[in-house]
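Asks: Here you go, data39.txt (compact mmCIF, C-alpha atoms and all ligand atoms):
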```
# COMPACT_ATOMS: atom_id res chain seq x y z
CA MET A 1410 -33.09 22.50 25.52
CA GLU A 1411 -29.73 20.64 25.57
CA ALA A 1412 -31.27 17.26 26.16
CA GLY A 1413 -33.74 17.87 23.34
CA VAL A 1414 -30.98 18.73 20.86
CA ALA A 1415 -28.88 15.83 22.04
CA CYS A 1416 -31.67 13.35 21.45
CA LYS A 1417 -32.01 14.43 17.83
CA LEU A 1418 -28.31 13.97 17.09
CA ASN A 1419 -26.97 10.52 16.62
CA TYR A 1420 -23.31 10.80 17.72
CA PRO A 1421 -22.27 7.29 16.80
CA THR A 1422 -23.32 7.99 13.20
CA TRP A 1423 -21.26 11.17 13.18
CA ILE A 1424 -18.28 9.46 14.62
CA GLU A 1425 -18.43 6.62 12.11
CA SER A 1426 -18.78 9.02 9.21
CA GLU A 1427 -15.96 11.34 10.24
CA ARG A 1428 -12.43 10.93 8.94
CA PHE A 1429 -10.31 9.38 11.61
CA GLY A 1430 -7.12 9.38 9.65
CA ARG A 1431 -4.68 6.56 9.96
CA ASN A 1432 -3.00 7.30 13.24
CA SER A 1433 -3.01 4.29 15.46
CA THR A 1434 -4.12 6.45 18.33
CA GLY A 1435 -5.31 10.02 18.71
CA SER A 1436 -8.21 12.37 19.18
CA LEU A 1437 -10.53 14.55 17.12
CA ARG A 1438 -12.93 17.43 17.67
CA PHE A 1439 -15.78 18.23 15.36
CA SER A 1440 -18.90 20.30 15.66
CA ARG A 1441 -22.32 20.69 14.13
CA ILE A 1442 -24.86 23.47 14.33
CA ALA A 1443 -28.38 22.27 15.00
CA LYS A 1444 -30.47 24.75 13.05
CA GLN A 1445 -33.80 23.83 14.49
CA GLU A 1446 -34.72 24.87 17.93
CA HIS A 1447 -32.24 27.37 19.42
CA LYS A 1448 -29.28 27.30 16.98
CA ALA A 1449 -27.19 25.20 19.29
CA ARG A 1450 -23.56 24.29 18.57
CA LEU A 1451 -22.63 20.78 19.57
CA VAL A 1452 -18.97 19.86 19.89
CA VAL A 1453 -17.88 16.23 20.03
CA SER A 1454 -14.38 15.37 21.26
CA ALA A 1455 -13.48 11.80 20.42
CA HIS A 1456 -10.49 9.77 21.62
CA PHE A 1457 -9.63 6.58 19.84
CA PRO A 1458 -7.17 3.91 20.92
CA VAL A 1459 -4.80 1.58 19.12
CA LEU A 1460 -6.34 -1.00 16.78
CA THR A 1461 -5.88 -4.63 17.66
CA SER A 1462 -5.95 -7.61 15.35
CA SER A 1463 -8.76 -9.24 17.26
CA ASN A 1464 -10.97 -6.24 16.74
CA ARG A 1465 -11.06 -4.04 13.66
CA PHE A 1466 -13.49 -1.74 15.45
CA ARG A 1467 -12.31 1.15 17.53
CA SER A 1468 -13.87 1.80 20.86
CA VAL A 1469 -14.12 5.58 20.67
CA SER A 1470 -14.77 7.49 23.87
CA PHE A 1471 -16.47 10.81 23.37
CA GLU A 1472 -17.64 13.89 25.16
CA VAL A 1473 -20.42 16.09 23.78
CA SER A 1474 -20.68 19.69 24.83
CA CYS A 1475 -23.32 22.18 23.82
CA SER A 1476 -23.53 25.95 23.59
CA SER A 1477 -26.27 28.11 22.10
CA SER A 1478 -26.46 31.56 20.54
CA LYS A 1479 -27.87 32.78 23.83
CA ASN A 1480 -25.45 31.01 26.09
CA PHE A 1481 -21.89 30.74 24.75
CA SER A 1482 -20.37 28.85 27.65
CA ALA A 1483 -20.35 25.20 26.72
CA SER A 1484 -21.65 22.61 29.09
CA THR A 1485 -21.00 18.87 28.88
CA ILE A 1486 -24.20 17.05 28.08
CA GLU A 1487 -22.98 13.54 27.53
CA THR A 1488 -19.94 11.30 27.75
CA GLY A 1489 -19.75 7.71 26.57
CA SER A 1490 -18.20 5.38 24.05
CA VAL A 1491 -19.17 3.82 20.73
CA HIS A 1492 -17.71 1.10 18.53
CA ALA A 1493 -16.65 2.82 15.31
CA PRO A 1494 -15.63 0.59 12.40
CA TYR A 1495 -12.23 1.15 10.82
CA ASP A 1496 -13.18 1.77 7.22
CA GLU A 1497 -9.95 0.92 5.40
CA ALA A 1498 -11.32 1.76 1.94
CA LEU A 1499 -12.16 5.26 3.15
CA VAL A 1500 -8.78 5.68 4.83
CA LEU A 1501 -7.07 4.54 1.62
CA LYS A 1502 -9.06 7.02 -0.48
CA ASN A 1503 -8.32 9.88 1.91
CA LYS A 1504 -4.64 9.01 1.97
CA SER A 1505 -4.47 8.90 -1.83
CA LEU A 1506 -6.05 12.36 -2.04
CA GLU A 1507 -3.45 13.63 0.40
CA VAL A 1508 -0.54 12.10 -1.52
CA GLU A 1509 -1.62 13.02 -5.05
CA PRO A 1510 -0.33 16.62 -5.01
CA TYR A 1511 3.10 15.40 -3.91
CA LEU A 1512 3.07 12.52 -6.34
CA ASN A 1513 2.19 14.85 -9.17
CA GLY A 1514 1.99 12.09 -11.74
CA HIS A 1515 5.12 10.19 -10.71
CA SER A 1516 4.80 6.52 -11.45
CA ILE A 1517 5.14 3.99 -8.66
CA TYR A 1518 7.48 1.01 -9.11
CA LEU A 1519 6.96 -1.76 -6.59
CA VAL A 1520 9.98 -3.93 -5.86
CA GLY A 1521 10.46 -6.85 -3.50
CA LEU A 1522 11.05 -10.56 -3.42
CA MET A 1523 8.65 -12.86 -5.26
CA GLY A 1524 5.38 -13.15 -3.40
CA SER A 1525 5.82 -9.85 -1.56
CA GLY A 1526 2.50 -8.57 -2.92
CA LYS A 1527 3.69 -6.30 -5.74
CA THR A 1528 0.80 -7.40 -7.95
CA THR A 1529 -1.83 -7.48 -5.22
CA VAL A 1530 -0.91 -4.14 -3.63
CA GLY A 1531 -0.11 -2.60 -7.02
CA LYS A 1532 -3.65 -3.19 -8.28
CA ILE A 1533 -5.10 -1.52 -5.18
CA LEU A 1534 -2.81 1.51 -5.61
CA SER A 1535 -3.58 1.86 -9.31
CA ASN A 1536 -7.33 1.74 -8.64
CA VAL A 1537 -7.31 4.32 -5.91
CA LEU A 1538 -4.98 6.68 -7.79
CA SER A 1539 -6.63 6.00 -11.18
CA TYR A 1540 -3.22 5.07 -12.58
CA SER A 1541 -2.60 2.34 -15.16
CA PHE A 1542 -1.45 -0.91 -13.63
CA CYS A 1543 1.48 -2.67 -15.30
CA ASP A 1544 2.41 -6.18 -14.39
CA ARG A 1545 5.92 -5.53 -15.57
CA GLY A 1546 5.12 -4.77 -19.21
CA LYS A 1547 1.46 -5.33 -19.86
CA CYS A 1548 -0.55 -2.33 -18.77
CA THR A 1549 -4.22 -1.65 -18.39
CA SER A 1550 -4.03 1.43 -20.59
CA GLU A 1551 -4.47 0.82 -24.34
CA SER A 1552 -1.64 3.13 -25.33
CA ILE A 1553 0.99 0.97 -23.69
CA LYS A 1554 -0.40 -2.45 -24.33
CA GLU A 1555 2.06 -3.07 -27.11
CA PHE A 1556 4.72 -3.91 -24.54
CA GLY A 1557 3.12 -7.32 -24.43
CA LEU A 1558 5.30 -8.79 -21.72
CA ASN A 1559 3.82 -9.75 -18.44
CA LYS A 1560 4.80 -11.76 -15.43
CA LYS A 1561 3.18 -14.97 -16.38
CA GLU A 1562 3.98 -14.86 -20.08
CA VAL A 1563 6.76 -13.71 -22.41
CA ASN A 1564 5.89 -13.95 -26.08
CA GLY A 1565 3.24 -16.53 -25.26
CA MET A 1566 5.57 -18.55 -23.02
CA SER A 1567 5.38 -18.82 -19.28
CA VAL A 1568 8.26 -17.32 -17.31
CA ALA A 1569 9.28 -20.85 -16.35
CA GLU A 1570 9.49 -21.86 -20.05
CA VAL A 1571 11.53 -18.75 -20.92
CA PHE A 1572 14.02 -19.55 -18.19
CA LYS A 1573 14.26 -23.14 -19.44
CA LEU A 1574 14.55 -22.34 -23.17
CA HIS A 1575 16.50 -19.08 -23.17
CA GLY A 1576 17.99 -18.77 -19.70
CA GLU A 1577 17.77 -16.11 -17.03
CA ARG A 1578 19.95 -13.59 -18.87
CA PHE A 1579 17.57 -13.45 -21.82
CA PHE A 1580 14.68 -12.91 -19.40
CA ARG A 1581 16.53 -10.09 -17.64
CA LYS A 1582 17.26 -8.36 -20.95
CA LYS A 1583 13.55 -8.45 -21.81
CA GLU A 1584 12.76 -7.11 -18.36
CA THR A 1585 15.13 -4.20 -18.90
CA GLU A 1586 13.67 -3.44 -22.37
CA VAL A 1587 10.23 -3.19 -20.84
CA LEU A 1588 11.37 -0.97 -17.98
CA GLN A 1589 13.09 1.28 -20.49
CA ARG A 1590 9.87 1.71 -22.45
CA LEU A 1591 7.79 2.30 -19.32
CA SER A 1592 10.28 4.84 -17.99
CA SER A 1593 8.98 7.61 -20.24
CA LYS A 1594 5.41 7.20 -18.94
CA LYS A 1595 3.75 8.85 -15.99
CA GLN A 1596 0.84 7.72 -13.83
CA LEU A 1597 1.72 4.04 -13.79
CA VAL A 1598 1.85 1.56 -10.99
CA VAL A 1599 4.38 -1.05 -12.06
CA SER A 1600 4.69 -4.43 -10.42
CA THR A 1601 8.28 -5.35 -11.27
CA GLY A 1602 9.75 -8.85 -11.17
CA GLY A 1603 11.59 -9.76 -7.97
CA GLY A 1604 14.98 -9.56 -9.69
CA ALA A 1605 14.51 -6.21 -11.43
CA VAL A 1606 16.56 -4.45 -8.75
CA VAL A 1607 19.77 -6.26 -9.61
CA TRP A 1608 20.76 -4.46 -12.79
CA ASP A 1609 21.78 -0.84 -12.15
CA VAL A 1610 20.36 0.37 -15.44
CA ASN A 1611 16.89 -0.66 -14.29
CA TRP A 1612 17.14 1.85 -11.45
CA ASP A 1613 17.79 4.66 -13.93
CA TYR A 1614 14.63 3.68 -15.78
CA MET A 1615 12.46 3.23 -12.68
CA GLN A 1616 13.56 6.50 -11.12
CA LYS A 1617 13.38 8.58 -14.28
CA LYS A 1618 9.74 9.46 -13.63
CA GLY A 1619 9.00 7.19 -10.76
CA VAL A 1620 9.25 6.46 -7.07
CA VAL A 1621 10.55 3.02 -6.14
CA VAL A 1622 8.82 1.33 -3.22
CA TRP A 1623 10.14 -1.82 -1.53
CA LEU A 1624 7.61 -4.23 -0.05
CA ASP A 1625 9.65 -5.72 2.76
CA VAL A 1626 7.94 -8.93 3.90
CA PRO A 1627 9.41 -11.46 6.36
CA LEU A 1628 10.71 -14.58 4.62
CA GLU A 1629 8.43 -16.98 6.51
CA ALA A 1630 5.35 -15.04 5.39
CA LEU A 1631 6.60 -15.07 1.79
CA ALA A 1632 7.24 -18.80 1.87
CA GLN A 1633 3.76 -19.39 3.27
CA ARG A 1634 2.14 -17.35 0.52
CA ILE A 1635 4.12 -19.08 -2.21
CA ALA A 1636 3.50 -22.53 -0.76
CA ALA A 1637 -0.22 -21.76 -0.86
CA VAL A 1638 -0.18 -21.09 -4.62
CA GLY A 1639 2.63 -23.49 -5.62
CA THR A 1640 6.07 -22.85 -7.09
CA HIS A 1641 5.37 -23.79 -10.74
CA SER A 1642 5.30 -20.19 -12.08
CA ARG A 1643 8.47 -19.15 -10.21
CA PRO A 1644 11.41 -20.91 -11.89
CA LEU A 1645 14.05 -19.66 -9.46
CA LEU A 1646 12.49 -21.86 -6.81
CA HIS A 1647 12.88 -24.99 -8.88
CA TYR A 1648 16.55 -25.35 -7.89
CA GLU A 1649 15.63 -26.38 -4.36
CA HIS A 1650 14.35 -29.66 -2.96
CA GLY A 1651 11.61 -30.35 -0.46
CA ASP A 1652 8.04 -29.31 -0.01
CA PRO A 1653 6.94 -25.94 -1.51
CA TYR A 1654 7.33 -24.07 1.81
CA THR A 1655 10.88 -25.36 2.37
CA LYS A 1656 11.88 -24.74 -1.25
CA ALA A 1657 10.58 -21.20 -1.12
CA LEU A 1658 12.14 -20.41 2.26
CA LYS A 1659 15.58 -21.72 1.24
CA ARG A 1660 15.72 -19.89 -2.07
CA LEU A 1661 14.25 -16.67 -0.76
CA SER A 1662 16.78 -16.55 2.10
CA TYR A 1663 19.55 -16.90 -0.47
CA LEU A 1664 18.02 -14.26 -2.77
CA LEU A 1665 17.56 -11.81 0.10
CA GLU A 1666 21.20 -12.13 1.01
CA LEU A 1667 22.13 -11.49 -2.58
CA ARG A 1668 19.68 -8.65 -3.23
CA GLY A 1669 19.03 -7.13 0.17
CA LYS A 1670 21.28 -4.12 -0.46
CA ASN A 1671 19.56 -3.52 -3.81
CA TYR A 1672 16.06 -3.48 -2.32
CA ALA A 1673 17.35 -1.12 0.36
CA LYS A 1674 18.11 1.46 -2.36
CA ALA A 1675 14.35 2.02 -2.85
CA ASN A 1676 13.01 5.52 -2.21
CA ALA A 1677 10.45 4.21 0.24
CA ARG A 1678 10.30 1.02 2.30
CA VAL A 1679 7.10 -0.63 3.43
CA SER A 1680 7.97 -2.98 6.26
CA LEU A 1681 5.14 -5.36 7.10
CA LYS A 1682 6.70 -6.02 10.50
CA GLU A 1683 6.60 -2.32 11.29
CA ILE A 1684 2.99 -1.86 10.13
CA ALA A 1685 1.87 -4.87 12.17
CA GLY A 1686 3.64 -3.41 15.21
CA LYS A 1687 2.07 0.01 14.71
CA LEU A 1688 -1.42 -1.41 14.37
CA GLY A 1689 -1.00 -3.78 17.30
CA TYR A 1690 -1.29 -6.97 15.23
CA ARG A 1691 0.47 -10.11 16.40
CA ASP A 1692 1.39 -11.38 12.96
CA VAL A 1693 2.07 -9.82 9.56
CA SER A 1694 -0.43 -12.25 8.07
CA ASP A 1695 -3.16 -10.28 9.87
CA LEU A 1696 -2.48 -7.31 7.60
CA THR A 1697 -4.81 -6.78 4.67
CA PRO A 1698 -3.44 -5.75 1.27
CA THR A 1699 -5.33 -2.45 1.68
CA GLU A 1700 -3.56 -1.71 4.96
CA ILE A 1701 -0.27 -2.32 3.18
CA ALA A 1702 -1.31 -0.04 0.31
CA ILE A 1703 -2.15 2.71 2.84
CA GLU A 1704 1.31 2.39 4.36
CA ALA A 1705 2.86 2.50 0.90
CA LEU A 1706 1.14 5.83 0.23
CA GLN A 1707 2.24 7.09 3.62
CA GLN A 1708 5.87 6.20 2.92
CA ILE A 1709 5.71 7.69 -0.58
CA GLU A 1710 4.34 10.91 0.87
CA GLY A 1711 7.11 10.98 3.47
CA TYR A 1712 9.76 10.52 0.80
CA LEU A 1713 8.35 13.16 -1.53
CA LYS A 1714 7.90 15.66 1.27
CA GLU A 1715 11.49 15.15 2.30
CA GLU A 1716 12.62 15.59 -1.27
CA GLY A 1717 10.78 18.90 -1.35
CA GLY A 1718 8.05 17.72 -3.67
CA MET A 1719 8.74 17.08 -7.29
CA VAL A 1720 12.42 16.57 -7.70
CA ILE A 1721 12.34 13.78 -10.17
CA ALA A 1722 13.89 14.80 -13.43
CA GLY A 1723 11.54 15.56 -16.26
CA LEU A 1724 8.41 16.29 -14.22
N1 LIG B 1 -1.19 -9.01 2.30
C1 LIG B 1 -1.34 -10.27 1.88
N2 LIG B 1 -1.80 -11.20 2.72
C2 LIG B 1 -1.94 -12.48 2.32
N3 LIG B 1 -1.65 -12.93 1.08
C3 LIG B 1 -1.18 -12.05 0.20
C4 LIG B 1 -1.00 -10.68 0.53
N4 LIG B 1 -0.51 -10.04 -0.56
C5 LIG B 1 -0.40 -10.98 -1.53
N5 LIG B 1 -0.81 -12.17 -1.08
C6 LIG B 1 -0.83 -13.46 -1.82
O1 LIG B 1 0.52 -13.84 -2.05
C7 LIG B 1 0.69 -14.36 -3.35
C8 LIG B 1 1.74 -13.53 -4.10
O2 LIG B 1 1.24 -12.21 -4.24
P1 LIG B 1 1.60 -11.33 -5.51
O3 LIG B 1 0.86 -10.05 -5.37
O4 LIG B 1 1.40 -12.11 -6.77
O5 LIG B 1 3.17 -11.09 -5.27
P2 LIG B 1 4.31 -10.63 -6.28
O6 LIG B 1 3.64 -9.88 -7.41
O7 LIG B 1 5.19 -9.74 -5.46
O8 LIG B 1 5.01 -11.87 -6.71
C9 LIG B 1 -0.70 -14.30 -4.03
O9 LIG B 1 -1.28 -15.56 -3.91
C10 LIG B 1 -1.46 -13.29 -3.21
O10 LIG B 1 -2.84 -13.55 -3.17
O1 LIG B 2 12.92 -12.89 -8.19
C1 LIG B 2 13.06 -13.10 -9.41
O2 LIG B 2 14.17 -13.01 -9.98
C2 LIG B 2 11.88 -13.46 -10.24
C3 LIG B 2 10.63 -13.21 -9.77
C4 LIG B 2 9.40 -13.52 -10.54
O3 LIG B 2 8.48 -12.45 -10.42
P1 LIG B 2 7.63 -12.15 -9.08
O4 LIG B 2 8.49 -11.30 -8.22
O5 LIG B 2 6.43 -11.46 -9.55
O6 LIG B 2 7.29 -13.44 -8.45
C5 LIG B 2 9.71 -13.71 -12.03
O7 LIG B 2 10.04 -12.49 -12.60
C6 LIG B 2 10.87 -14.59 -12.21
O8 LIG B 2 10.50 -15.85 -11.67
C7 LIG B 2 12.14 -14.06 -11.57
```
Would you encode the structure as structure tokens?
Ligand SMILES: Nc1ncnc2c1ncn2[C@@H]1O[C@H](COP(=O)(O)OP(=O)(O)O)[C@@H](O)[C@H]1O
Ligand SMILES: O=C(O)C1=C[C@@H](OP(=O)(O)O)[C@@H](O)[C@H](O)C1

Replies:
Amino acid sequence: MEAGVACKLNYPTWIESERFGRNSTGSLRFSRIAKQEHKARLVVSAHFPVLTSSNRFRSVSFEVSCSSSKNFSASTIETGSVHAPYDEALVLKNKSLEVEPYLNGHSIYLVGLMGSGKTTVGKILSNVLSYSFCDRGKCTSESIKEFGLNKKEVNGMSVAEVFKLHGERFFRKKETEVLQRLSSKKQLVVSTGGGAVVWDVNWDYMQKKGVVVWLDVPLEALAQRIAAVGTHSRPLLHYEHGDPYTKALKRLSYLLELRGKNYAKANARVSLKEIAGKLGYRDVSDLTPTEIAIEALQQIEGYLKEEGGMVIAGL
């Protein structure tokens, strides 16, 4: 009987379709009742190892045991291993469902140096949580579109032009005005500008109904990303000389020294170095934006759990 039941059940398909969670290593048990034949209960115990950058599949070793309504003592009918894909979209969705009750409508404000992925990761978070995405001021939801300020443009001018015509202080004041207006809204993911952390008043606005998350990316990785897209839209890099990578690295090192303590005030920190280490990757550039978004949710959950849930004023 056992062999017959076992043949009809495709364990690899089960294993691939089950929720593995995000732990880098661990084990799971799950069971199915086979209704046909003799009402047999099959239990699969699966053990999965650390992910490596060279292989986004997990080699899952499993043991299948079977018991029936007539014979309760389980006997092992098969052991083996399968290659189960790591479905990051599914893991992200599951994580967002887990975090939502703790988040309870709090907005998420992403902070970090320019190029740290606030826009890229922010869009992923807003999609999975069904929150509006705001690239500083301009949001995807109609009701808040009137803010009309976004990263690339201020009143029709590029950020670089605003810096040139009106100076950095004018830009910062606009940034603060926008954060003030966003601060009364819930269910937003806001990609702030790299310098938004410097003015204390901005923290009051971001934390009024929001959790602040710092995307902590190594400087070399940031410089590489910026060099790949050019420095034209980031006026603070124009002060330096050299090729785009060198310009970015020099200025970002200076900015990190200046702002490091401000970023460290964030409620949750997403360290790319730490995620890469946890997942067994050699380099932070192996991380996908979705993997970073998953870690962001994980850190937000940790923070909110520690804070005893919904402590943010006004929620
Ligand atoms: N995890 C990542 N891996 C590789 N490139 C990334 C990653 N996240 C963002 N980028 C790239 O880096 C650049 C800056 O990202 P962006 O999201 O605009 O950063 P920010 O909004 O913090 O300035 C973009 O070209 C983007 O495609
Ligand atoms: O670090 C900063 O002070 C700035 C970062 C830029 O935004 P990103 O962080 O989106 O690049 C932009 O706001 C402006 O160039 C100033």

Asks: Show which residues sit within 12 Å of Asp1692 (chain A), as a list in words. Count all atoms listed in the file, and ignore same-chain residues fewer than 2 positions away.

Replies: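 So, after excluding close chain neighbours, the residues are Thr1461, Ser1462, Ser1463, Val1626, Pro1627, Glu1629, Ala1630, Leu1681, Lys1682, Glu1683, Ile1684, Ala1685, Gly1686, Lys1687, Leu1688, Gly1689, Tyr1690, Ser1694, Asp1695, Leu1696 and Thr1697 of chain A.
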
Asks: At a cut-off of 10 Å, using only C-alpha atoms, what residues contact His1641 (chain A)? Leave out same-chain residues fewer than 6 positions from it and give the result as number ranges by chain.

Replies: A: 1567-1569, 1635, 1647, 1653

Asks: Report as a tab-separated table the residues of chain A within 6 Å of ligand LIG 1 (chain B), each with its shortest atom pair and distance in Å (one decimal), using all atoms listed in the file, ordered by chain and increasing residue number.

Replies:
```
residue	atom	partner	partner_atom	distance
A:Met1523	CA	B:LIG1	O8	4.0
A:Gly1524	CA	B:LIG1	O5	3.6
A:Ser1525	CA	B:LIG1	O7	4.0
A:Gly1526	CA	B:LIG1	O3	3.3
A:Lys1527	CA	B:LIG1	O7	3.8
A:Thr1528	CA	B:LIG1	O3	3.7
A:Thr1529	CA	B:LIG1	O3	3.7
A:Arg1634	CA	B:LIG1	O1	4.6
A:Ile1635	CA	B:LIG1	C7	5.9
A:Val1638	CA	B:LIG1	O9	5.7
A:Ser1694	CA	B:LIG1	N2	5.6
A:Leu1696	CA	B:LIG1	N1	5.7
A:Thr1697	CA	B:LIG1	N1	4.9
A:Pro1698	CA	B:LIG1	N1	4.1
```

Asks: From the options A:Val1606, A:Ala1702, A:Leu1538, A:Leu1522, which residue's atoms come nearest to ligand LIG 2 (chain B), counting only C-alpha atoms and all ligand atoms?

Replies: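 Smallest distance to ligand LIG 2 (chain B) is found for A:Leu1522.
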
Asks: Could you tell me, counting all atoms listed in the file, which protein and nucleic acid residues lie no more than 10 Å from ligand LIG 2 (chain B), written as a compact mmCIF listing (two decimals) with C-alpha atoms, keeping the file's coordinate frame?

Replies:
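Output file out39.txt follows:
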```
# COMPACT_ATOMS: atom_id res chain seq x y z
CA LEU A 1519 6.96 -1.76 -6.59
CA VAL A 1520 9.98 -3.93 -5.86
CA GLY A 1521 10.46 -6.85 -3.50
CA LEU A 1522 11.05 -10.56 -3.42
CA MET A 1523 8.65 -12.86 -5.26
CA GLY A 1524 5.38 -13.15 -3.40
CA SER A 1525 5.82 -9.85 -1.56
CA GLY A 1526 2.50 -8.57 -2.92
CA LYS A 1527 3.69 -6.30 -5.74
CA THR A 1528 0.80 -7.40 -7.95
CA ASP A 1544 2.41 -6.18 -14.39
CA ARG A 1545 5.92 -5.53 -15.57
CA ASN A 1559 3.82 -9.75 -18.44
CA LYS A 1560 4.80 -11.76 -15.43
CA LYS A 1561 3.18 -14.97 -16.38
CA GLU A 1562 3.98 -14.86 -20.08
CA SER A 1567 5.38 -18.82 -19.28
CA VAL A 1568 8.26 -17.32 -17.31
CA ALA A 1569 9.28 -20.85 -16.35
CA VAL A 1571 11.53 -18.75 -20.92
CA PHE A 1572 14.02 -19.55 -18.19
CA GLU A 1577 17.77 -16.11 -17.03
CA PHE A 1580 14.68 -12.91 -19.40
CA ARG A 1581 16.53 -10.09 -17.64
CA GLU A 1584 12.76 -7.11 -18.36
CA SER A 1600 4.69 -4.43 -10.42
CA THR A 1601 8.28 -5.35 -11.27
CA GLY A 1602 9.75 -8.85 -11.17
CA GLY A 1603 11.59 -9.76 -7.97
CA GLY A 1604 14.98 -9.56 -9.69
CA ALA A 1605 14.51 -6.21 -11.43
CA VAL A 1606 16.56 -4.45 -8.75
CA VAL A 1607 19.77 -6.26 -9.61
CA ILE A 1635 4.12 -19.08 -2.21
CA THR A 1640 6.07 -22.85 -7.09
CA HIS A 1641 5.37 -23.79 -10.74
CA SER A 1642 5.30 -20.19 -12.08
CA ARG A 1643 8.47 -19.15 -10.21
CA PRO A 1644 11.41 -20.91 -11.89
CA LEU A 1645 14.05 -19.66 -9.46
CA LEU A 1646 12.49 -21.86 -6.81
CA HIS A 1647 12.88 -24.99 -8.88
CA ARG A 1660 15.72 -19.89 -2.07
CA LEU A 1661 14.25 -16.67 -0.76
CA LEU A 1664 18.02 -14.26 -2.77
CA LEU A 1665 17.56 -11.81 0.10
CA ARG A 1668 19.68 -8.65 -3.23
```

Asks: For CA of Val1537 (chain A) and CA of Asp1625 (chain A), quote the distance in Å rounded to one decimal.

Replies: 21.5 Å

Asks: Grab the CA of Tyr1511 (chain A) to CA of Val1620 (chain A) distance for me, in Å with one decimal place.

Replies: 11.3 Å

Asks: Name the closest residue to Val1599 (chain A) among the candidates A:Asn1611, A:Ser1516, A:Leu1631, A:Lys1656; distances are taken between atoms, counting all atoms listed in the file.

Replies: A:Ser1516

Asks: So, counting all atoms listed in the file, which residue among A:His1515, A:Lys1573, A:Lys1674, A:Arg1691 is closest to Lys1617 (chain A)?

Replies: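 That would be A:His1515, the residue with the smallest distance to Lys1617 (chain A).
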